Each structure stands twice: as structure tokens, then as C-alpha cells.
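Participant: Can you read through this structure? Questions will come right after.
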Protein chains: 2
Amino acid sequence: MEKKIDWSLYLCTDRELTGEKNFETCVEDAIKGGVTVVQLREKNLSGKKFFETALSLKKITGKYKIPLIINDRVDIAVAADADGVHVGQSDLPAKAARKIIGDEKILGVSASTLDEALKAESDGADYIGVGGIFFTATKPDAESVSPETLKKICESVKIPVVAIGGINSETLPRVKNTGIVGVAVVSAIVAAENPEDAAKNLLKIWRE
Amino acid sequence: MEKKIDWSLYLCTDRELTGEKNFETCVEDAIKGGVTVVQLREKNLSGKKFFETALSLKKITGKYKIPLIINDRVDIAVAADADGVHVGQSDLPAKAARKIIGDEKILGVSASTLDEALKAESDGADYIGVGGIFFTATKPDAESVSPETLKKICESVKIPVVAIGGINSETLPRVKNTGIVGVAVVSAIVAAENPEDAAKNLLKIWRE
């Protein structure tokens with residue numbers, strides 16, 4: 001089942017990079033600037049706090065009618081009634097995640113090779129996050145995916161592909177003509193002094 | 001709904017304390033020694049490895065027909081079709097966990113006060129793990145619960161209570177007449193040179 005979602009500018013949160021800014025305000029400002037999807041990614045929070053943050057972000061994304069996707073924790077996605085969940089290659093397998101969330105909710109899977117992408121598609125992913133495209137401080141050990149691989153993946157799967165990893169206003173143009181439906185960004189928005197302006201600028205570059 | 005389970009000797013795993021021993025063998029040996037319930041507790045594994053470990057332990061517990069309970073990760077409990085899940089006070093709230101697992105699976109909740117125990121019961125817990133009873137290296141920051149509080153909790157809730165925290169062959173007799181239905185142990189079994197003998201000895205002390 002295809003879910004109609006505007007993947008153009010996909011924000012992945014990072015509490016540490018958000019710095020002094022209020023976390024929820026930062027996300028809301030980014031949405032005001034044009035972010036079309038939000039993924040809550042929390043690696044160091046307790047389950048309880050992760051769940052509470054998911055509930056509070058859901059109020060924000062609900063207000064702007066954009067999807068909220070939870071990273072890794074399928075149970076928190078279900079408990080918070082988020083719109084979907086995103087799993088990486090070292091998380092609960094996509095097939096198992098799909099079984100828990102059912103068909104209605106969005107399932108995203110990270111892939112860095114064509115094989116992983118094809119497997120994600122056959123395991124029931126609704127979209128694939130391919131990366132890391134450029135070297136990034138957020139995931140220093142992520143292998144970088146060549147523009148050729150990215151293109152090949154886009155040509156080989158039927159589901160939407162977003163690129164992730166080191167995408168900012170300078171690098172964004174280099175992934176535009178690969179067949180992706182949008183770009184996922186972390187630091188280019190959350191670490192920006194003004195997340196709203198940063199999102200606005202990225203969306204403008206994506207669309208122009 | 002009451003689930004008929006023998007809570008006498010409840011093993012909580014700890015990969016770090018298991019040391020050089022093979023993890024699965026250690027658990028199987030402990031079951032041979034008399035462990036009646038196993039909880040898989042993994043704090044540092046990826047979701048994928050946690051899930052795979054749950055699947056491999058399920059084969060073992062299934063063979064001996066004893067329940068396997070997953071700590072914290074409700075999604076992994078569901079994906080691995082474990083018998084239940086155990087949540088602490090900083091995990092996904094018990095009510096949310098119950099909603100995900102349904103009525104058939106076992107829900108355990110940690111409590112260290114009467115209020116927490118009563119709330120756990122009203123939130124749908126099938127049993128309560130009360131602790132830490134004695135000071136323990138496994139959870140150095142866990143506050144110790146007095147035998148009076150333990151007794152008070154057992155008198156105040158209708159669901160089974162197991163005591164946890166620093167329970168070994170020396171300390172076990174001190175919690176026997178508090179109303180608990182069993183003892184949960186970590187290091188007294190997994191860190192033992194011979195987990196089977198350690199379990200056998202603890203069960204003997206519990207039953208005598």
C-alpha cells in the first residue's frame with residue numbers, strides 16, 4: 001500500500017546537536033520553515049522519556065499535519081500512536097517491525113547498499129533512507145554511499161528513497177538528480193542558529 | 001486474568017556478569033538447576049542482537065517449558081513471541097506496555113515503594129518485582145527496600161510479588177517470610193562458577 005507523503009525535507013532530530021535551544025521549539029520552528037516529515041531519534045533517553053517526548057512531538061506534528069516517525073523503538077511508535085517507525089540495519093528487523101505496526105503505519109528502513117535496499121523493500125518498507133551520502137559528524141563511522149549507488153538504488157526499488165548523511169545547503173544539489181524523493185537532514189537544521197530559516201533555505205534549494 | 005506461573009526462582013540475565021561462560025549454556029544450566037522463570041535483560045545490545053538472543057533463549061526456555069520474559073523492550077518481546085515483558089519505572093509505562101502485548105502475555109513491573117506497587121497493579125501488571133532488597137553490584141544506585149516495605153507491598157496487592165536485588169544463598173532466608181512468591185536473582189546464578197549448582201542450592205533454600 002502506497003502512503004502519500006511529501007518526503008521533500010525530512011528532519012531527523014538529535015538532542016545533543018540541538019544545543020541550548022528548546023528541543024520542541026526547535027522542531028516546531030523547523031516545521032514552520034518547511035520540514036515535511038519528522039523523525040524522533042533518541043539514543044540516550046530512557047524508554048519513559050523517549051515515550052513522553054514522542055507524545056509531545058506528536059502534538060506539534062499533528063498541529064501541522066505532517067508525519068512523525070520514531071527511530072528504532074517500534075514499541076514507542078505504537079504506544080505514542082506515531083505515524084511510523086524507522087529501523088536501521090542493526091535494529092529489530094524490518095519484517096518483525098512491520099508485523100508489530102500493521103499495514104497502516106509507515107515503515108522506513110536504512111540501507112547503504114543495493115542488497116539492503118532490495119531486502120528492505122521485500123520486507124515491507126514504505127520508504128528507504130539511503131546513506132550516509134556525505135561524511136558527517138552525526139555518524140562518523142557510517143560508510144559513505146556513492147551517488148552512483150544512490151542512483152542505482154532509486155532505479156531498482158519501487159518505493160520512495162530519501163538520502164541521508166551530511167546533507168546541507170552546499171551538498172544538497174549533488175544528490176538532486178539521483179531519483180530520490182527528498183533529503184533527510186540532522187545537523188543542517190537542528191544545529192543551525194535559526195532552524196526555521198535553515199529549513200526554508202534547504203527546501204528552496206531542493207525545489208529550485 | 002491470573003496466569004499460573006511458578007515464580008520460585010526467577011533468573012534475570014546479565015551478559016557482563018556471565019563472564020567467560022557461554023551465555024546460552026549458562027541460562028540452560030541454570031534452568032537444569034531449577035530456575036522457574038527467565039528474564040532476558042540486555043542493556044548494551046543492538047535491537048537486532050537483542051532480538052536474536054531472545055529467539056535463541058526462547059528455544060531453551062521452550063524446551064524446559066518455562067516462561068521467557070523480556071526486559072524493557074516491549075517490541076522485542078512481541079517480535080520474539082516471548083511469554084512476557086518486564087518494565088521498570090523509567091521504561092515505557094506499564095499501561096502502554098499492556099496495550100501492546102494484549103491480555104495473554106505476562107506483564108511485570110518493578111516497584112520499590114507501596115505507591116509504585118499499587119499503581120503497577122492498577123496499570124495491569126501480572127506480577128511485581130520489588131527491590132532492590134539488599135545492596136548489589138548489579139544496580140549500585142538502586143535504593144534498598146526494607147523487609148517491612150516488602151511485607152506491606154505483599155499484603156497490599158493481589159498479584160504475585162518477587163523480591164530482587166542482592167539475593168543470594170546468605171540473604172535469601174531473610175526475605176522468605178514476607179509474602180513473596182519467589183526470588184529473582186542475577187549474580188548469585190550467572191556469576192557463579194557452576195550456575196546449575198547455584199540454582200539448585202538457591203531453590204533448596206527457598207523451599208526448605
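In the C-alpha cells, chains take letters A, B, ... by order of appearance, with residues numbered from 1 within each chain and ligands from 1 in the order shown.
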Do a neighbour search on Ser8 of chain A at 10 Å with only C-alpha atoms, toss out local chain neighbours closer than 3 positions, and write the hits as a count of residues only.
Facilitator: 16
Participant: So which residues of segment 33-179 of chain B fall under strand (DSSP E) by DSSP, listed as a PyMOL selection string?
Facilitator: chain B and resi 37-40+68-71+84-87+106-111+127-131+161-164
Participant: Pull out every residue of chain A that has at least one atom within 10 Å of chain B, counting only C-alpha atoms, and report them as a compact mmCIF listing (two decimals) with all heavy atoms, in the first residue's frame.
Facilitator:
```txt
# COMPACT_ATOMS: atom_id res chain seq x y z
N LEU A 45 17.99 8.30 25.77
CA LEU A 45 16.90 8.54 26.70
C LEU A 45 16.34 7.23 27.23
O LEU A 45 16.35 6.22 26.53
CB LEU A 45 15.76 9.29 26.01
CG LEU A 45 15.87 10.80 25.80
CD1 LEU A 45 14.51 11.34 25.38
CD2 LEU A 45 16.34 11.51 27.04
N SER A 46 15.79 7.28 28.45
CA SER A 46 15.07 6.12 28.97
C SER A 46 13.82 5.93 28.12
O SER A 46 13.35 6.87 27.46
CB SER A 46 14.66 6.38 30.42
OG SER A 46 13.67 7.40 30.47
N GLY A 47 13.26 4.71 28.16
CA GLY A 47 12.04 4.43 27.42
C GLY A 47 10.92 5.39 27.80
O GLY A 47 10.16 5.86 26.95
N LYS A 48 10.85 5.69 29.09
CA LYS A 48 9.79 6.57 29.57
C LYS A 48 9.90 7.98 28.98
O LYS A 48 8.94 8.54 28.47
CB LYS A 48 9.86 6.65 31.11
CG LYS A 48 8.69 7.37 31.72
CD LYS A 48 8.85 7.47 33.22
CE LYS A 48 7.70 8.28 33.80
NZ LYS A 48 7.91 8.59 35.21
N LYS A 49 11.13 8.54 29.02
CA LYS A 49 11.33 9.89 28.50
C LYS A 49 11.19 9.92 26.98
O LYS A 49 10.70 10.89 26.41
CB LYS A 49 12.71 10.41 28.93
CG LYS A 49 12.74 10.74 30.41
CD LYS A 49 13.58 11.97 30.70
CE LYS A 49 13.43 12.36 32.17
NZ LYS A 49 14.71 12.40 32.87
N PHE A 50 11.66 8.87 26.33
CA PHE A 50 11.53 8.75 24.87
C PHE A 50 10.03 8.80 24.51
O PHE A 50 9.60 9.54 23.62
CB PHE A 50 12.18 7.44 24.43
CG PHE A 50 12.43 7.28 22.95
CD1 PHE A 50 13.31 6.29 22.50
CD2 PHE A 50 11.83 8.07 21.99
CE1 PHE A 50 13.56 6.11 21.14
CE2 PHE A 50 12.07 7.90 20.63
CZ PHE A 50 12.92 6.91 20.21
N PHE A 51 9.26 8.01 25.23
CA PHE A 51 7.81 7.95 25.02
C PHE A 51 7.16 9.32 25.26
O PHE A 51 6.36 9.79 24.44
CB PHE A 51 7.22 6.90 25.97
CG PHE A 51 5.72 6.83 26.01
CD1 PHE A 51 4.98 6.56 24.87
CD2 PHE A 51 5.05 7.01 27.21
CE1 PHE A 51 3.59 6.48 24.92
CE2 PHE A 51 3.66 6.93 27.27
CZ PHE A 51 2.92 6.67 26.12
N GLU A 52 7.55 9.97 26.34
CA GLU A 52 6.97 11.28 26.65
C GLU A 52 7.33 12.32 25.57
O GLU A 52 6.52 13.16 25.21
CB GLU A 52 7.45 11.76 28.03
CG GLU A 52 6.80 10.96 29.16
CD GLU A 52 7.47 11.16 30.52
OE1 GLU A 52 8.54 11.82 30.59
OE2 GLU A 52 6.93 10.65 31.51
N ASP A 72 13.91 3.43 15.57
CA ASP A 72 14.33 2.23 16.31
C ASP A 72 13.25 1.57 17.18
O ASP A 72 12.96 0.38 16.99
CB ASP A 72 15.58 2.57 17.13
CG ASP A 72 16.09 1.40 17.98
OD1 ASP A 72 15.67 0.26 17.73
OD2 ASP A 72 16.89 1.61 18.89
N ARG A 73 12.68 2.30 18.11
CA ARG A 73 11.78 1.69 19.09
C ARG A 73 10.35 1.54 18.55
O ARG A 73 9.53 2.45 18.63
CB ARG A 73 11.77 2.52 20.37
CG ARG A 73 13.07 2.48 21.17
CD ARG A 73 13.27 1.16 21.89
NE ARG A 73 12.21 0.85 22.79
CZ ARG A 73 12.28 0.92 24.13
NH1 ARG A 73 13.41 1.30 24.69
NH2 ARG A 73 11.26 0.61 24.87
N VAL A 74 10.07 0.35 18.06
CA VAL A 74 8.76 0.05 17.49
C VAL A 74 7.68 0.17 18.56
O VAL A 74 6.58 0.66 18.31
CB VAL A 74 8.75 -1.36 16.86
CG1 VAL A 74 7.42 -1.65 16.19
CG2 VAL A 74 9.90 -1.49 15.85
N ASP A 75 8.01 -0.26 19.78
CA ASP A 75 7.02 -0.20 20.86
C ASP A 75 6.63 1.24 21.19
O ASP A 75 5.46 1.54 21.44
CB ASP A 75 7.49 -0.96 22.12
CG ASP A 75 8.93 -0.66 22.52
OD1 ASP A 75 9.60 0.16 21.85
OD2 ASP A 75 9.39 -1.25 23.51
N ILE A 76 7.61 2.13 21.15
CA ILE A 76 7.31 3.53 21.45
C ILE A 76 6.50 4.15 20.32
O ILE A 76 5.57 4.94 20.55
CB ILE A 76 8.62 4.30 21.75
CG1 ILE A 76 9.15 3.82 23.10
CG2 ILE A 76 8.40 5.81 21.75
CD1 ILE A 76 10.49 4.35 23.50
N ALA A 77 6.79 3.76 19.08
CA ALA A 77 5.99 4.25 17.95
C ALA A 77 4.53 3.85 18.13
O ALA A 77 3.62 4.66 17.93
CB ALA A 77 6.54 3.69 16.64
N VAL A 78 4.30 2.60 18.51
CA VAL A 78 2.94 2.11 18.70
C VAL A 78 2.28 2.79 19.90
O VAL A 78 1.16 3.29 19.82
CB VAL A 78 2.92 0.57 18.88
CG1 VAL A 78 1.52 0.08 19.25
CG2 VAL A 78 3.41 -0.12 17.61
N ALA A 79 3.02 2.84 21.02
CA ALA A 79 2.46 3.41 22.25
C ALA A 79 2.09 4.88 22.07
O ALA A 79 1.08 5.34 22.60
CB ALA A 79 3.44 3.24 23.41
N ALA A 80 2.91 5.61 21.32
CA ALA A 80 2.65 7.04 21.13
C ALA A 80 1.73 7.28 19.93
O ALA A 80 1.42 8.43 19.61
CB ALA A 80 3.97 7.79 20.93
N VAL A 87 13.66 1.81 11.09
CA VAL A 87 14.67 0.90 11.65
C VAL A 87 15.93 0.86 10.80
O VAL A 87 15.88 0.94 9.58
CB VAL A 87 14.12 -0.54 11.83
CG1 VAL A 87 13.05 -0.59 12.90
CG2 VAL A 87 13.58 -1.12 10.52
N GLY A 88 17.05 0.76 11.50
CA GLY A 88 18.34 0.62 10.83
C GLY A 88 18.69 -0.85 10.67
O GLY A 88 17.94 -1.73 11.09
N GLN A 89 19.84 -1.10 10.10
CA GLN A 89 20.27 -2.48 9.85
C GLN A 89 20.61 -3.23 11.14
O GLN A 89 20.66 -4.46 11.15
CB GLN A 89 21.46 -2.51 8.88
CG GLN A 89 21.12 -2.05 7.46
CD GLN A 89 20.19 -3.02 6.71
OE1 GLN A 89 20.31 -4.23 6.88
NE2 GLN A 89 19.28 -2.49 5.91
N SER A 90 20.86 -2.51 12.23
CA SER A 90 21.17 -3.21 13.48
C SER A 90 20.01 -3.13 14.48
O SER A 90 20.16 -3.44 15.66
CB SER A 90 22.46 -2.68 14.10
OG SER A 90 22.30 -1.31 14.38
N ASP A 91 18.85 -2.69 13.99
CA ASP A 91 17.68 -2.64 14.86
C ASP A 91 16.83 -3.91 14.66
O ASP A 91 17.22 -4.81 13.93
CB ASP A 91 16.84 -1.40 14.53
CG ASP A 91 17.57 -0.09 14.83
OD1 ASP A 91 18.48 -0.11 15.69
OD2 ASP A 91 17.26 0.92 14.18
N LEU A 92 15.69 -3.92 15.30
CA LEU A 92 14.73 -5.01 15.09
C LEU A 92 14.51 -5.14 13.58
O LEU A 92 14.28 -4.15 12.89
CB LEU A 92 13.42 -4.63 15.81
CG LEU A 92 12.38 -5.71 16.02
CD1 LEU A 92 12.93 -6.82 16.91
CD2 LEU A 92 11.13 -5.13 16.65
N PRO A 93 14.57 -6.35 13.02
CA PRO A 93 14.41 -6.50 11.57
C PRO A 93 13.09 -5.91 11.04
O PRO A 93 12.07 -5.95 11.74
CB PRO A 93 14.45 -8.02 11.37
CG PRO A 93 15.20 -8.54 12.55
CD PRO A 93 14.86 -7.62 13.68
N LYS A 95 10.92 -6.87 8.88
CA LYS A 95 9.77 -7.78 8.83
C LYS A 95 9.06 -7.87 10.18
O LYS A 95 7.85 -7.86 10.26
CB LYS A 95 10.26 -9.19 8.46
CG LYS A 95 9.67 -9.72 7.17
CD LYS A 95 10.13 -11.16 6.95
CE LYS A 95 10.35 -11.42 5.48
NZ LYS A 95 10.94 -12.75 5.24
N ALA A 96 9.87 -7.98 11.23
CA ALA A 96 9.32 -8.05 12.59
C ALA A 96 8.64 -6.74 12.95
O ALA A 96 7.58 -6.72 13.59
CB ALA A 96 10.43 -8.39 13.59
N ALA A 97 9.26 -5.64 12.55
CA ALA A 97 8.69 -4.31 12.84
C ALA A 97 7.34 -4.17 12.13
O ALA A 97 6.35 -3.74 12.73
CB ALA A 97 9.64 -3.21 12.39
N ARG A 98 7.29 -4.58 10.86
CA ARG A 98 6.03 -4.49 10.10
C ARG A 98 4.93 -5.29 10.76
O ARG A 98 3.78 -4.84 10.84
CB ARG A 98 6.27 -4.97 8.66
CG ARG A 98 5.04 -5.14 7.82
CD ARG A 98 4.23 -3.85 7.69
NE ARG A 98 4.79 -2.95 6.70
CZ ARG A 98 4.54 -1.64 6.68
NH1 ARG A 98 3.76 -1.06 7.58
NH2 ARG A 98 5.10 -0.87 5.74
N LYS A 99 5.28 -6.46 11.26
CA LYS A 99 4.29 -7.31 11.90
C LYS A 99 3.68 -6.62 13.13
O LYS A 99 2.48 -6.75 13.40
CB LYS A 99 4.97 -8.62 12.34
CG LYS A 99 4.13 -9.86 12.03
CD LYS A 99 4.93 -11.11 12.23
CE LYS A 99 4.07 -12.22 12.81
NZ LYS A 99 4.88 -13.40 13.14
N ILE A 100 4.51 -5.89 13.85
CA ILE A 100 4.01 -5.22 15.05
C ILE A 100 3.16 -3.99 14.70
O ILE A 100 2.12 -3.76 15.29
CB ILE A 100 5.18 -4.80 15.99
CG1 ILE A 100 5.93 -6.05 16.47
CG2 ILE A 100 4.68 -3.98 17.17
CD1 ILE A 100 7.20 -5.74 17.25
N ILE A 101 3.62 -3.20 13.74
CA ILE A 101 2.91 -1.93 13.47
C ILE A 101 1.69 -2.10 12.56
O ILE A 101 0.84 -1.22 12.49
CB ILE A 101 3.83 -0.84 12.88
CG1 ILE A 101 4.42 -1.28 11.51
CG2 ILE A 101 4.94 -0.48 13.86
CD1 ILE A 101 5.12 -0.15 10.77
```
Participant: Identify all residues of segment 68-118 of chain A in alpha helix (DSSP H) (DSSP on the backbone) and supply them as a list in words.
Facilitator: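 Filtering segment 68-118 of chain A down to alpha helix (DSSP H) leaves Val74, Asp75, Ile76, Ala77, Val78, Ala79, Ala94, Lys95, Ala96, Ala97, Arg98, Lys99, Ile100, Ile101, Leu114, Asp115, Glu116, Ala117 and Leu118 of chain A.
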Participant: Residues near segment 82-85 of chain B, anyone? I mean within 7 Å using only C-alpha atoms, not counting same-chain ones fewer than 4 positions away, as a PDB file with N, CA and C atoms, in the first residue's frame.
Facilitator:
```pdb
ATOM      1  N   LYS B  58      14.486 -18.388  23.685  1.00  0.00           N
ATOM      2  CA  LYS B  58      13.134 -18.949  23.640  1.00  0.00           C
ATOM      3  C   LYS B  58      13.157 -20.436  23.318  1.00  0.00           C
ATOM      4  N   PRO B  67       8.612 -19.881  31.417  1.00  0.00           N
ATOM      5  CA  PRO B  67       8.375 -18.616  30.719  1.00  0.00           C
ATOM      6  C   PRO B  67       9.663 -17.814  30.486  1.00  0.00           C
ATOM      7  N   LEU B  68       9.698 -17.166  29.307  1.00  0.00           N
ATOM      8  CA  LEU B  68      10.773 -16.216  28.992  1.00  0.00           C
ATOM      9  C   LEU B  68      10.158 -14.826  28.987  1.00  0.00           C
ATOM     10  N   ILE B  69      10.758 -13.961  29.782  1.00  0.00           N
ATOM     11  CA  ILE B  69      10.270 -12.586  29.885  1.00  0.00           C
ATOM     12  C   ILE B  69      11.373 -11.651  29.402  1.00  0.00           C
ATOM     13  N   ILE B  70      10.983 -10.652  28.603  1.00  0.00           N
ATOM     14  CA  ILE B  70      11.961  -9.723  28.047  1.00  0.00           C
ATOM     15  C   ILE B  70      11.965  -8.428  28.856  1.00  0.00           C
ATOM     16  N   ASN B  71      13.134  -7.972  29.207  1.00  0.00           N
ATOM     17  CA  ASN B  71      13.239  -6.725  29.956  1.00  0.00           C
ATOM     18  C   ASN B  71      13.121  -5.515  29.041  1.00  0.00           C
ATOM     19  N   ASP B  72      12.311  -4.575  29.440  1.00  0.00           N
ATOM     20  CA  ASP B  72      12.238  -3.237  28.832  1.00  0.00           C
ATOM     21  C   ASP B  72      11.624  -3.170  27.430  1.00  0.00           C
ATOM     22  N   VAL B  74       9.403  -3.872  24.777  1.00  0.00           N
ATOM     23  CA  VAL B  74       8.111  -4.498  24.505  1.00  0.00           C
ATOM     24  C   VAL B  74       8.060  -5.011  23.065  1.00  0.00           C
ATOM     25  N   ALA B  77       9.859  -8.287  22.826  1.00  0.00           N
ATOM     26  CA  ALA B  77       9.042  -9.342  23.444  1.00  0.00           C
ATOM     27  C   ALA B  77       7.985  -9.841  22.467  1.00  0.00           C
ATOM     28  N   VAL B  78       7.343  -8.903  21.790  1.00  0.00           N
ATOM     29  CA  VAL B  78       6.297  -9.275  20.826  1.00  0.00           C
ATOM     30  C   VAL B  78       6.912  -9.966  19.613  1.00  0.00           C
ATOM     31  N   LYS B 105      -0.217 -12.182  27.352  1.00  0.00           N
ATOM     32  CA  LYS B 105       1.189 -12.213  27.756  1.00  0.00           C
ATOM     33  C   LYS B 105       1.380 -11.630  29.158  1.00  0.00           C
ATOM     34  N   ILE B 106       2.482 -12.060  29.779  1.00  0.00           N
ATOM     35  CA  ILE B 106       2.773 -11.646  31.151  1.00  0.00           C
ATOM     36  C   ILE B 106       3.370 -10.244  31.170  1.00  0.00           C
ATOM     37  N   LEU B 107       2.866  -9.400  32.070  1.00  0.00           N
ATOM     38  CA  LEU B 107       3.457  -8.074  32.260  1.00  0.00           C
ATOM     39  C   LEU B 107       3.980  -7.959  33.684  1.00  0.00           C
ATOM     40  N   GLY B 108       5.280  -7.708  33.791  1.00  0.00           N
ATOM     41  CA  GLY B 108       5.897  -7.493  35.097  1.00  0.00           C
ATOM     42  C   GLY B 108       6.335  -6.043  35.230  1.00  0.00           C
TER      43      GLY B 108
END
```
